[in-house]
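Q: Pasting a structure below so you can have a look.
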Amino acid sequence: MELSELRKAVEEVEVVDGHAHNIVSLDSNFAFIQAFSEAYGDALTFAPNTLCFKRNLRDIAELYGIELSLQGVEEYRRVSGIQSICSTCFKAARINAILIDNGLKLDKKHDIEWHKSFAPIVGRILRIQRLAEEILDEDLPDGSSWTVDSFTKAFISKLKSVAGEIFGLKSIAAYHSGLEINTNVTKQDAEEGLRQVLIAGKPVRIANKNLIDYIFLQSLEVAQSYDLPMQIHTGFGDKDLDMRLSNPLLLRAVLEDKRFSKSRIVLLHASYPFSREASYLASVYSQVYLDFGLAIPKLSVHGMISSLKELLELAPINKVMFSTDGYAFPETFYLGAKKSREIVFSVLRDACIDGDLSIPEAVEAAKDILARNATHFYKISSANNVVSSVNNVVSSHSKLPQKLNGDLDIDASLVRILWVDGSGQHRCRAIPKKRLNEIVAKNGVGLAFAVMGFPSYMDGPADGSGLTAVGETRLMPDLSTIRRIPWNKQDEMVLADMYVKPGEAWEYCPRDALRRVSKILKDEFDLEMNAGFENEFILLKSITREGKKEWVPFDSSLYCCSSAFDAASPVLREVAAALQSLGISVEQLHAEAAKGQFELVLKYTICTKAADNLVYTREVVRAIARKHGLLATFIPKYALDDLGSGSHVHLSLWRNGQNVFMASDRSSKHGISTVGKEFMAGILHHLPSILAFIAPLPNSYDRLQPNTWSGAYLFWGNENKEAPLRASSPPGTPNGLVSNFEIKSFDGSANPYLGLAAILAAGIDGLRRHLPLPEPVDTNPNPEVLQRLPASLSESLDALHKDDFFKQFIGDKLLTAIKAIRKAEIDHYTKHKDAYKQLIHRI
């Protein structure tokens, strides 16, 4: 069996260190012998008799080329200086990225910035208990005592303020009270725990289990909402740890809690000696991942091999990650990297010999375990090369240029800053990646106020929008959304918020509007709205007719035609793969009923993220089609004699991880809960004015016609395709219950943030006023009985002018701008009857 290819892969990969700590100065009181043991005090005197000490000291002495003795190594360190030994260790370790938990208390430790001299990418992991203690060590401005409410507000606010600057959170609950987290801990329990902690005086040390559990749950909720991982100390450590309470199986209550089903949890230290238990958890819980730092290099060679083999007994390979758990001394980073390479090779070699893996599979596994898994998991980059993704994670190797995608220098890569304007147009500014890291991530990019007032047909603000050439907003990249561009891998794209100045949102910002209304739903009703979009688009091909270039439908097949799908499969397959690389889940793809029309269905998620996903999806579809020589358009009505294209949105309400739009049992009429019916009733009541947000062009109303399954009359129905609001019970929904409802009027020309914000606002109005939901219409609509929805944008705009309640949610100024843009669209397209044909290049 030829293993040279595997050995080469293991030796050449630049590792990604997902968990480490700060290095200390040479004059720190943290003794160098502590690099070899978790013991302290008298127990540390026995460390030189351990296998770990003897092997690792020998490796360090060989690295430095000196005599084999602890005294010799310590003298070499003193003479050489910290900069020199760091350079030696990190050069040998070949670590490309380091994520540092700087919450470990160490004497004279260097800050995170200092470490950037020795690794291309250095980022931060935030230790939640340390943050909580730092907050409680401070006095409140008004001199009052801390309460759970005031502490929670300060703690959550701090977590959210740094969410875009860190790569994850970390809990050491195992050290203080154990991993059996009480997921039902009450605020009263936490209040009593806080009182006991404060009585103990300052500096604060949080040891009360109820308070620890409360902090953990609050943190995990924030981590999940920002898609940040939570690292958890499991298994062995120093003697402050009761190892009986560090078995990861104790986390079952957390892992079973549906509120946290979308969280991402890392069990640190191979959970040793509970490695098999950790492997089992990673195999049956989608949210569980594994990190074997500390177990390697602290155990014996046999122990390290056994521990990694136990992790791989059940756990998916793409869930197992390397880290050094380096701390205090650069030698710990070197040893962690060196021994991990050796152990990974040994374990994967045995897997090849045993027949578990082929050599090519083992090569890929090595790259995954040592680098790619952590790169993907911590979102250091979306490609195989590691590229920093936040402003405080930059290379300080000015003489060692980072490489991206072969020979392209990172300084040459561009980042597209994307936003969606008031008329639904996608726009972007591109900047060099270096400038993003150094300036723009913190300060943003200037953008004239007028841009948010542009209609679809020109680059000039609509009359009456209140937006002029005077003044600038700041486009602030939301770094949690930065993604490698799948069709142009040397570049990245990121979604932007609009700020007056850093930290102060601009009142015209669509993303902030949706966040604000979502917060009202959460604060008043403890509800979140999930959304999933069905995107219809038309593929056009270019032909020359009588010497003129024309765009015509890709084909003329029928609904769900297999030959149409087959013909478009190169495009559709690449679209699906691109979306997957962006973390966007595709549920279905099929040919639709209009000529050249296809539909792409996205999995539902929290509405703010669903809007982000929709923006990226439109970008992907248009770009991939263009790559194949086609034009993809989301125009609502491409051909007036054919069916139109919608962006139907499916909505549901959730509380604590449970779908509460769906009735709890079959006794509820129509299978919808009370809150669901009131929410839906509010939307139905305001639907005529909502259309100005979700069907924002005159062309939109050419689509919203009777007998076209687009919803032309004001009613709702059960699985009625003619209803603008359709109650839906997809496969898997219990019989007699409804899991979500669909709004069919939404189309691809709408700004998704403004559209969802308007829908949410209407739903909240229904909840506040307990509006009753009328009886459904489960037959073809009768125009003599039912009210016609607005048949034009003019009628919808009139309805919006009369519906004053939107001001309190959307904001008076933003609402004024939207009305002005819609009025401009009406005037232009009324005067220029064929102007809508140009929209295929814009929507």
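Labeling convention for the structure tokens: chains A, B, ... as they appear, residues from 1 per chain, ligands from 1 in order of appearance.
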Just the residues within 12 Å of A:Ser84, please, counting only C-alpha atoms, with nothing from its chain fewer than 6 positions along; format it as a PDB file with N, CA and C atoms, in the first residue's frame.

A:
```pdb
ATOM      1  N   LEU A  26       8.325  36.372  28.730  1.00  0.00           N
ATOM      2  CA  LEU A  26       9.295  35.461  29.349  1.00  0.00           C
ATOM      3  C   LEU A  26       9.409  35.682  30.852  1.00  0.00           C
ATOM      4  N   TYR A  64      15.144  23.210  18.821  1.00  0.00           N
ATOM      5  CA  TYR A  64      16.090  24.279  19.101  1.00  0.00           C
ATOM      6  C   TYR A  64      17.546  23.865  18.866  1.00  0.00           C
ATOM      7  N   TYR A  76      17.820  28.526  26.885  1.00  0.00           N
ATOM      8  CA  TYR A  76      17.742  28.896  25.477  1.00  0.00           C
ATOM      9  C   TYR A  76      16.608  29.910  25.261  1.00  0.00           C
ATOM     10  N   ARG A  77      15.492  29.712  25.924  1.00  0.00           N
ATOM     11  CA  ARG A  77      14.370  30.638  25.795  1.00  0.00           C
ATOM     12  C   ARG A  77      14.743  32.018  26.312  1.00  0.00           C
ATOM     13  N   ARG A  78      15.442  32.048  27.460  1.00  0.00           N
ATOM     14  CA  ARG A  78      15.813  33.332  28.065  1.00  0.00           C
ATOM     15  C   ARG A  78      16.776  34.109  27.167  1.00  0.00           C
ATOM     16  N   PHE A  90       6.408  28.841  15.350  1.00  0.00           N
ATOM     17  CA  PHE A  90       5.313  28.984  14.407  1.00  0.00           C
ATOM     18  C   PHE A  90       5.730  28.673  12.980  1.00  0.00           C
ATOM     19  N   LYS A  91       6.999  28.931  12.660  1.00  0.00           N
ATOM     20  CA  LYS A  91       7.476  28.550  11.334  1.00  0.00           C
ATOM     21  C   LYS A  91       7.452  27.039  11.184  1.00  0.00           C
ATOM     22  N   SER A 117       1.869  38.755  14.513  1.00  0.00           N
ATOM     23  CA  SER A 117       3.214  38.703  13.923  1.00  0.00           C
ATOM     24  C   SER A 117       3.613  37.288  13.539  1.00  0.00           C
ATOM     25  N   PHE A 118       2.848  36.283  14.005  1.00  0.00           N
ATOM     26  CA  PHE A 118       3.326  34.908  13.851  1.00  0.00           C
ATOM     27  C   PHE A 118       2.373  33.987  13.090  1.00  0.00           C
ATOM     28  N   PRO A 330       4.924  29.472  23.136  1.00  0.00           N
ATOM     29  CA  PRO A 330       4.831  29.114  21.709  1.00  0.00           C
ATOM     30  C   PRO A 330       5.122  27.644  21.445  1.00  0.00           C
ATOM     31  N   GLU A 331       5.875  27.028  22.355  1.00  0.00           N
ATOM     32  CA  GLU A 331       6.202  25.605  22.192  1.00  0.00           C
ATOM     33  C   GLU A 331       4.941  24.739  22.223  1.00  0.00           C
TER      34      GLU A 331
END
```

Q: Give me the residues near A:Met321 as a list in words, where near means some atom within 7 Å (using only C-alpha atoms) and where sequence neighbours in that chain fewer than 6 positions away do not count.

A: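 The residues that qualify are Leu290, Asp291, Phe292, Ile369, Leu370, Asn373 and Ala374 of chain A.
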
Q: Closest to A:Gln787 among A:Leu737, A:Leu684, A:Leu436, A:Leu220, using only C-alpha atoms?

A: A:Leu684

Q: Can I get the residues of stretch 296-389 of chain A within 9 Å of stretch 86-89 of chain A, each with the closest pair of atoms and their distance in Å to one decimal, using only C-alpha atoms, sorted chain first then ascending number, as JSON lines?

A:
```
{"residue": "A:Phe329", "atom": "CA", "partner": "A:Cys86", "partner_atom": "CA", "distance": 8.4}
{"residue": "A:Pro330", "atom": "CA", "partner": "A:Cys86", "partner_atom": "CA", "distance": 5.4}
{"residue": "A:Glu331", "atom": "CA", "partner": "A:Cys89", "partner_atom": "CA", "distance": 6.0}
{"residue": "A:Thr332", "atom": "CA", "partner": "A:Cys89", "partner_atom": "CA", "distance": 8.8}
{"residue": "A:Phe333", "atom": "CA", "partner": "A:Cys89", "partner_atom": "CA", "distance": 7.3}
{"residue": "A:Tyr334", "atom": "CA", "partner": "A:Cys89", "partner_atom": "CA", "distance": 5.3}
{"residue": "A:Leu335", "atom": "CA", "partner": "A:Cys89", "partner_atom": "CA", "distance": 8.7}
```

Q: Out of A:Leu714, A:Val552, A:Ile380, A:Val586, which residue has the shortest atom-to-atom distance to A:Leu540 when counting only C-alpha atoms?

A: A:Val552

Q: Hey, can you check how far atom CA of A:Gln231 sits from atom CA of A:Tyr289?

A: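 Atom-to-atom, atom CA of A:Gln231 and atom CA of A:Tyr289 are spaced 9.2 Å apart.
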
Q: Skip stretch 175-179 of chain A itself and residues of its chain fewer than 5 positions away, then list as a VMD selection string all residues within 7 Å of it, counting only C-alpha atoms.

A: chain A and resid 207 209 240 to 242 245 to 246 248 250 to 251

Q: Quick one: everything within 12 Å of A:Thr674, counting only C-alpha atoms, minus sequence neighbours fewer than 2 positions away in the same chain. Send it as a PyMOL selection string.

A: chain A and resi 653+660-665+667-672+676-681+766-767+770-773

Q: Counting only C-alpha atoms, which residues of stretch 263-333 of chain A sit at most 12 Å from some atom of stretch 94-98 of chain A, and what is each one's closest atom pair with its distance in Å to one decimal, listed by chain and rising residue number, as a tab-separated table?

A:
```
residue	atom	partner	partner_atom	distance
A:Phe322	CA	A:Ile95	CA	11.0
A:Ser323	CA	A:Ile98	CA	8.6
A:Thr324	CA	A:Ile98	CA	9.2
A:Asp325	CA	A:Ile98	CA	10.0
A:Gly326	CA	A:Ile98	CA	9.6
A:Tyr327	CA	A:Ile98	CA	11.6
A:Pro330	CA	A:Ile95	CA	11.7
A:Phe333	CA	A:Ile95	CA	8.6
```

Q: For the residues in that selection, give me N, CA, C and O atoms as a PDB file, in the first residue's frame.

A:
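Resulting contents of out07.pdb:
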```pdb
ATOM      1  N   PHE A 322      -8.974  19.802  14.266  1.00  0.00           N
ATOM      2  CA  PHE A 322      -7.698  20.025  14.960  1.00  0.00           C
ATOM      3  C   PHE A 322      -7.709  21.347  15.717  1.00  0.00           C
ATOM      4  O   PHE A 322      -8.338  22.313  15.311  1.00  0.00           O
ATOM      5  N   SER A 323      -7.029  21.364  16.841  1.00  0.00           N
ATOM      6  CA  SER A 323      -6.573  22.620  17.454  1.00  0.00           C
ATOM      7  C   SER A 323      -5.360  22.274  18.302  1.00  0.00           C
ATOM      8  O   SER A 323      -5.122  21.103  18.623  1.00  0.00           O
ATOM      9  N   THR A 324      -4.594  23.277  18.655  1.00  0.00           N
ATOM     10  CA  THR A 324      -3.419  23.013  19.511  1.00  0.00           C
ATOM     11  C   THR A 324      -3.772  23.114  20.984  1.00  0.00           C
ATOM     12  O   THR A 324      -3.105  22.518  21.815  1.00  0.00           O
ATOM     13  N   ASP A 325      -4.810  23.889  21.326  1.00  0.00           N
ATOM     14  CA  ASP A 325      -5.050  24.342  22.698  1.00  0.00           C
ATOM     15  C   ASP A 325      -3.770  24.948  23.265  1.00  0.00           C
ATOM     16  O   ASP A 325      -3.486  24.851  24.449  1.00  0.00           O
ATOM     17  N   GLY A 326      -2.976  25.567  22.355  1.00  0.00           N
ATOM     18  CA  GLY A 326      -1.742  26.217  22.793  1.00  0.00           C
ATOM     19  C   GLY A 326      -2.019  27.312  23.798  1.00  0.00           C
ATOM     20  O   GLY A 326      -3.033  28.007  23.717  1.00  0.00           O
ATOM     21  N   TYR A 327      -1.119  27.465  24.744  1.00  0.00           N
ATOM     22  CA  TYR A 327      -1.302  28.483  25.770  1.00  0.00           C
ATOM     23  C   TYR A 327       0.043  28.893  26.350  1.00  0.00           C
ATOM     24  O   TYR A 327       0.965  28.081  26.464  1.00  0.00           O
ATOM     25  N   PRO A 330       4.924  29.472  23.136  1.00  0.00           N
ATOM     26  CA  PRO A 330       4.831  29.114  21.709  1.00  0.00           C
ATOM     27  C   PRO A 330       5.122  27.644  21.445  1.00  0.00           C
ATOM     28  O   PRO A 330       4.660  27.080  20.463  1.00  0.00           O
ATOM     29  N   PHE A 333       2.080  25.457  20.946  1.00  0.00           N
ATOM     30  CA  PHE A 333       1.494  25.502  19.608  1.00  0.00           C
ATOM     31  C   PHE A 333       2.260  24.563  18.666  1.00  0.00           C
ATOM     32  O   PHE A 333       1.657  23.832  17.875  1.00  0.00           O
TER      33      PHE A 333
END
```

Q: For A:Asp765, which of A:Leu521, A:Ala253, A:Leu697, A:Val777 is the closest residue, counting only C-alpha atoms?

A: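 Ranked by minimum distance to A:Asp765, first place goes to A:Leu521.
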
Q: Rounded to one decimal, what separation in Å do you get between atom CA of A:Asn613 and atom CA of A:Leu479?

A: 14.7 Å

Q: What separation in Å, quoted to one decimal, exists between atom CA of A:Pro688 and atom CA of A:Arg427?

A: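 Result for atom CA of A:Pro688 versus atom CA of A:Arg427: 28.3 Å, one decimal.
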
Q: Just want the 9 Å neighbourhood of stretch 726-733 of chain A, counted on only C-alpha atoms, with same-chain residues fewer than 2 positions away dropped. Output as a PyMOL selection string.

A: chain A and resi 650+670+672+715-724+735-744

Q: Of the candidates A:Gly471, A:Pro461, A:Gly303, A:Gly755, which shows the shortest atom-to-atom distance to A:Ser689, using only C-alpha atoms?

A: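 Of A:Gly471, A:Pro461, A:Gly303, A:Gly755, the one nearest A:Ser689, counting only C-alpha atoms, is A:Gly755.
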
Q: Skip A:Ile538 itself and residues of its chain fewer than 4 positions away, then list as a PyMOL selection string all residues within 9 Å of it, counting only C-alpha atoms.

A: chain A and resi 553-554+594-599+631-635+638+645

Q: Could those selected residues go to a file with N, CA, C and O atoms, as an mmCIF file, in the first residue's frame?

A:
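Result file out_6.cif:
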```cif
data_model
loop_
_atom_site.group_PDB
_atom_site.id
_atom_site.type_symbol
_atom_site.label_atom_id
_atom_site.label_comp_id
_atom_site.auth_asym_id
_atom_site.auth_seq_id
_atom_site.Cartn_x
_atom_site.Cartn_y
_atom_site.Cartn_z
ATOM 1 N N PRO A 553 -37.402 33.412 -24.774
ATOM 2 C CA PRO A 553 -37.390 32.329 -23.782
ATOM 3 C C PRO A 553 -36.502 31.155 -24.204
ATOM 4 O O PRO A 553 -36.429 30.803 -25.377
ATOM 5 N N PHE A 554 -35.858 30.586 -23.213
ATOM 6 C CA PHE A 554 -34.933 29.464 -23.387
ATOM 7 C C PHE A 554 -35.622 28.270 -24.057
ATOM 8 O O PHE A 554 -35.024 27.548 -24.851
ATOM 9 N N ALA A 594 -44.708 28.971 -17.523
ATOM 10 C CA ALA A 594 -44.466 29.941 -18.589
ATOM 11 C C ALA A 594 -43.287 29.487 -19.445
ATOM 12 O O ALA A 594 -42.485 28.636 -19.043
ATOM 13 N N LYS A 595 -43.157 30.067 -20.613
ATOM 14 C CA LYS A 595 -42.058 29.723 -21.513
ATOM 15 C C LYS A 595 -40.720 30.120 -20.879
ATOM 16 O O LYS A 595 -40.549 31.252 -20.426
ATOM 17 N N GLY A 596 -39.797 29.158 -20.830
ATOM 18 C CA GLY A 596 -38.472 29.412 -20.280
ATOM 19 C C GLY A 596 -38.435 29.610 -18.783
ATOM 20 O O GLY A 596 -37.419 30.054 -18.240
ATOM 21 N N GLN A 597 -39.512 29.275 -18.090
ATOM 22 C CA GLN A 597 -39.638 29.590 -16.664
ATOM 23 C C GLN A 597 -39.249 28.399 -15.786
ATOM 24 O O GLN A 597 -39.593 27.251 -16.063
ATOM 25 N N PHE A 598 -38.558 28.704 -14.686
ATOM 26 C CA PHE A 598 -38.163 27.697 -13.709
ATOM 27 C C PHE A 598 -38.441 28.225 -12.307
ATOM 28 O O PHE A 598 -38.564 29.437 -12.097
ATOM 29 N N GLU A 599 -38.546 27.293 -11.373
ATOM 30 C CA GLU A 599 -38.772 27.678 -9.975
ATOM 31 C C GLU A 599 -37.722 27.039 -9.089
ATOM 32 O O GLU A 599 -37.380 25.865 -9.244
ATOM 33 N N LEU A 631 -29.707 34.907 -20.057
ATOM 34 C CA LEU A 631 -30.145 36.014 -19.215
ATOM 35 C C LEU A 631 -31.274 35.498 -18.324
ATOM 36 O O LEU A 631 -32.279 34.990 -18.818
ATOM 37 N N ALA A 632 -31.079 35.603 -17.023
ATOM 38 C CA ALA A 632 -32.132 35.213 -16.078
ATOM 39 C C ALA A 632 -32.825 36.467 -15.590
ATOM 40 O O ALA A 632 -32.169 37.436 -15.188
ATOM 41 N N THR A 633 -34.140 36.470 -15.614
ATOM 42 C CA THR A 633 -34.884 37.633 -15.150
ATOM 43 C C THR A 633 -35.994 37.207 -14.196
ATOM 44 O O THR A 633 -36.647 36.174 -14.393
ATOM 45 N N PHE A 634 -36.189 38.018 -13.154
ATOM 46 C CA PHE A 634 -37.261 37.806 -12.183
ATOM 47 C C PHE A 634 -38.427 38.768 -12.442
ATOM 48 O O PHE A 634 -39.270 38.965 -11.568
ATOM 49 N N ILE A 635 -38.463 39.396 -13.618
ATOM 50 C CA ILE A 635 -39.522 40.338 -13.956
ATOM 51 C C ILE A 635 -40.888 39.687 -13.712
ATOM 52 O O ILE A 635 -41.114 38.535 -14.071
ATOM 53 N N TYR A 638 -42.991 38.833 -17.933
ATOM 54 C CA TYR A 638 -42.126 38.986 -19.101
ATOM 55 C C TYR A 638 -42.951 39.134 -20.380
ATOM 56 O O TYR A 638 -42.725 40.039 -21.176
ATOM 57 N N SER A 645 -44.066 35.651 -13.162
ATOM 58 C CA SER A 645 -43.115 35.063 -12.199
ATOM 59 C C SER A 645 -43.294 35.724 -10.839
ATOM 60 O O SER A 645 -43.266 36.952 -10.721
#
```

Q: Sort by chain and increasing residue number a table of all residues of stretch 256-303 of chain A within 12 Å of stretch 29-36 of chain A, each with its closest pair of atoms and their distance in Å to one decimal, counting only C-alpha atoms, and write it as a Markdown table.

A:
```
| residue | atom | partner | partner_atom | distance |
| --- | --- | --- | --- | --- |
| A:Leu294 | CA | A:Phe36 | CA | 10.4 |
| A:Ala295 | CA | A:Phe36 | CA | 11.8 |
| A:Ile296 | CA | A:Phe36 | CA | 11.4 |
| A:Pro297 | CA | A:Phe36 | CA | 8.9 |
| A:Lys298 | CA | A:Phe36 | CA | 7.0 |
| A:Leu299 | CA | A:Phe36 | CA | 10.0 |
| A:Ser300 | CA | A:Phe36 | CA | 11.8 |
```

Q: Save the residues we just selected, all heavy atoms, as a PDB file, in the first residue's frame?

A:
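part.pdb, written as the output of this step:
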```pdb
ATOM      1  N   LEU A 294      -5.499  19.627  23.120  1.00  0.00           N
ATOM      2  CA  LEU A 294      -5.123  19.274  24.500  1.00  0.00           C
ATOM      3  C   LEU A 294      -4.917  17.778  24.659  1.00  0.00           C
ATOM      4  O   LEU A 294      -3.879  17.351  25.177  1.00  0.00           O
ATOM      5  CB  LEU A 294      -6.133  19.771  25.543  1.00  0.00           C
ATOM      6  CG  LEU A 294      -5.675  19.636  27.003  1.00  0.00           C
ATOM      7  CD1 LEU A 294      -4.475  20.518  27.280  1.00  0.00           C
ATOM      8  CD2 LEU A 294      -6.792  19.948  27.986  1.00  0.00           C
ATOM      9  N   ALA A 295      -5.901  16.962  24.211  1.00  0.00           N
ATOM     10  CA  ALA A 295      -5.650  15.512  24.235  1.00  0.00           C
ATOM     11  C   ALA A 295      -4.392  15.213  23.426  1.00  0.00           C
ATOM     12  O   ALA A 295      -3.582  14.349  23.790  1.00  0.00           O
ATOM     13  CB  ALA A 295      -6.856  14.767  23.662  1.00  0.00           C
ATOM     14  N   ILE A 296      -4.231  15.916  22.320  1.00  0.00           N
ATOM     15  CA  ILE A 296      -2.975  15.948  21.579  1.00  0.00           C
ATOM     16  C   ILE A 296      -2.407  17.346  21.786  1.00  0.00           C
ATOM     17  O   ILE A 296      -3.041  18.323  21.411  1.00  0.00           O
ATOM     18  CB  ILE A 296      -3.196  15.709  20.055  1.00  0.00           C
ATOM     19  CG1 ILE A 296      -3.921  14.381  19.816  1.00  0.00           C
ATOM     20  CG2 ILE A 296      -1.889  15.774  19.304  1.00  0.00           C
ATOM     21  CD1 ILE A 296      -4.297  14.132  18.360  1.00  0.00           C
ATOM     22  N   PRO A 297      -1.259  17.484  22.482  1.00  0.00           N
ATOM     23  CA  PRO A 297      -0.195  16.495  22.716  1.00  0.00           C
ATOM     24  C   PRO A 297      -0.046  16.049  24.158  1.00  0.00           C
ATOM     25  O   PRO A 297       1.020  15.549  24.522  1.00  0.00           O
ATOM     26  CB  PRO A 297       1.039  17.304  22.301  1.00  0.00           C
ATOM     27  CG  PRO A 297       0.736  18.680  22.838  1.00  0.00           C
ATOM     28  CD  PRO A 297      -0.754  18.859  22.684  1.00  0.00           C
ATOM     29  N   LYS A 298      -1.070  16.179  25.021  1.00  0.00           N
ATOM     30  CA  LYS A 298      -0.878  15.904  26.445  1.00  0.00           C
ATOM     31  C   LYS A 298      -0.854  14.409  26.784  1.00  0.00           C
ATOM     32  O   LYS A 298      -0.250  14.010  27.781  1.00  0.00           O
ATOM     33  CB  LYS A 298      -1.986  16.584  27.247  1.00  0.00           C
ATOM     34  CG  LYS A 298      -1.786  18.095  27.440  1.00  0.00           C
ATOM     35  CD  LYS A 298      -0.562  18.398  28.279  1.00  0.00           C
ATOM     36  CE  LYS A 298      -0.537  19.822  28.796  1.00  0.00           C
ATOM     37  NZ  LYS A 298      -0.399  20.833  27.756  1.00  0.00           N
ATOM     38  N   LEU A 299      -1.527  13.570  25.988  1.00  0.00           N
ATOM     39  CA  LEU A 299      -1.577  12.147  26.298  1.00  0.00           C
ATOM     40  C   LEU A 299      -0.331  11.417  25.787  1.00  0.00           C
ATOM     41  O   LEU A 299       0.481  11.986  25.047  1.00  0.00           O
ATOM     42  CB  LEU A 299      -2.831  11.521  25.675  1.00  0.00           C
ATOM     43  CG  LEU A 299      -4.183  12.151  26.046  1.00  0.00           C
ATOM     44  CD1 LEU A 299      -5.315  11.427  25.332  1.00  0.00           C
ATOM     45  CD2 LEU A 299      -4.391  12.155  27.551  1.00  0.00           C
ATOM     46  N   SER A 300      -0.216  10.157  26.156  1.00  0.00           N
ATOM     47  CA  SER A 300       0.832   9.311  25.569  1.00  0.00           C
ATOM     48  C   SER A 300       0.521   9.102  24.088  1.00  0.00           C
ATOM     49  O   SER A 300      -0.585   9.376  23.628  1.00  0.00           O
ATOM     50  CB  SER A 300       0.865   7.955  26.272  1.00  0.00           C
ATOM     51  OG  SER A 300      -0.321   7.224  25.972  1.00  0.00           O
TER      52      SER A 300
END
```

Q: I need the residue nearest A:His828 from this list: A:Ala282, A:Pro455, A:Trp146, A:Gly18. Use only C-alpha atoms for the distance.

A: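 Ranked by minimum distance to A:His828, first place goes to A:Pro455.
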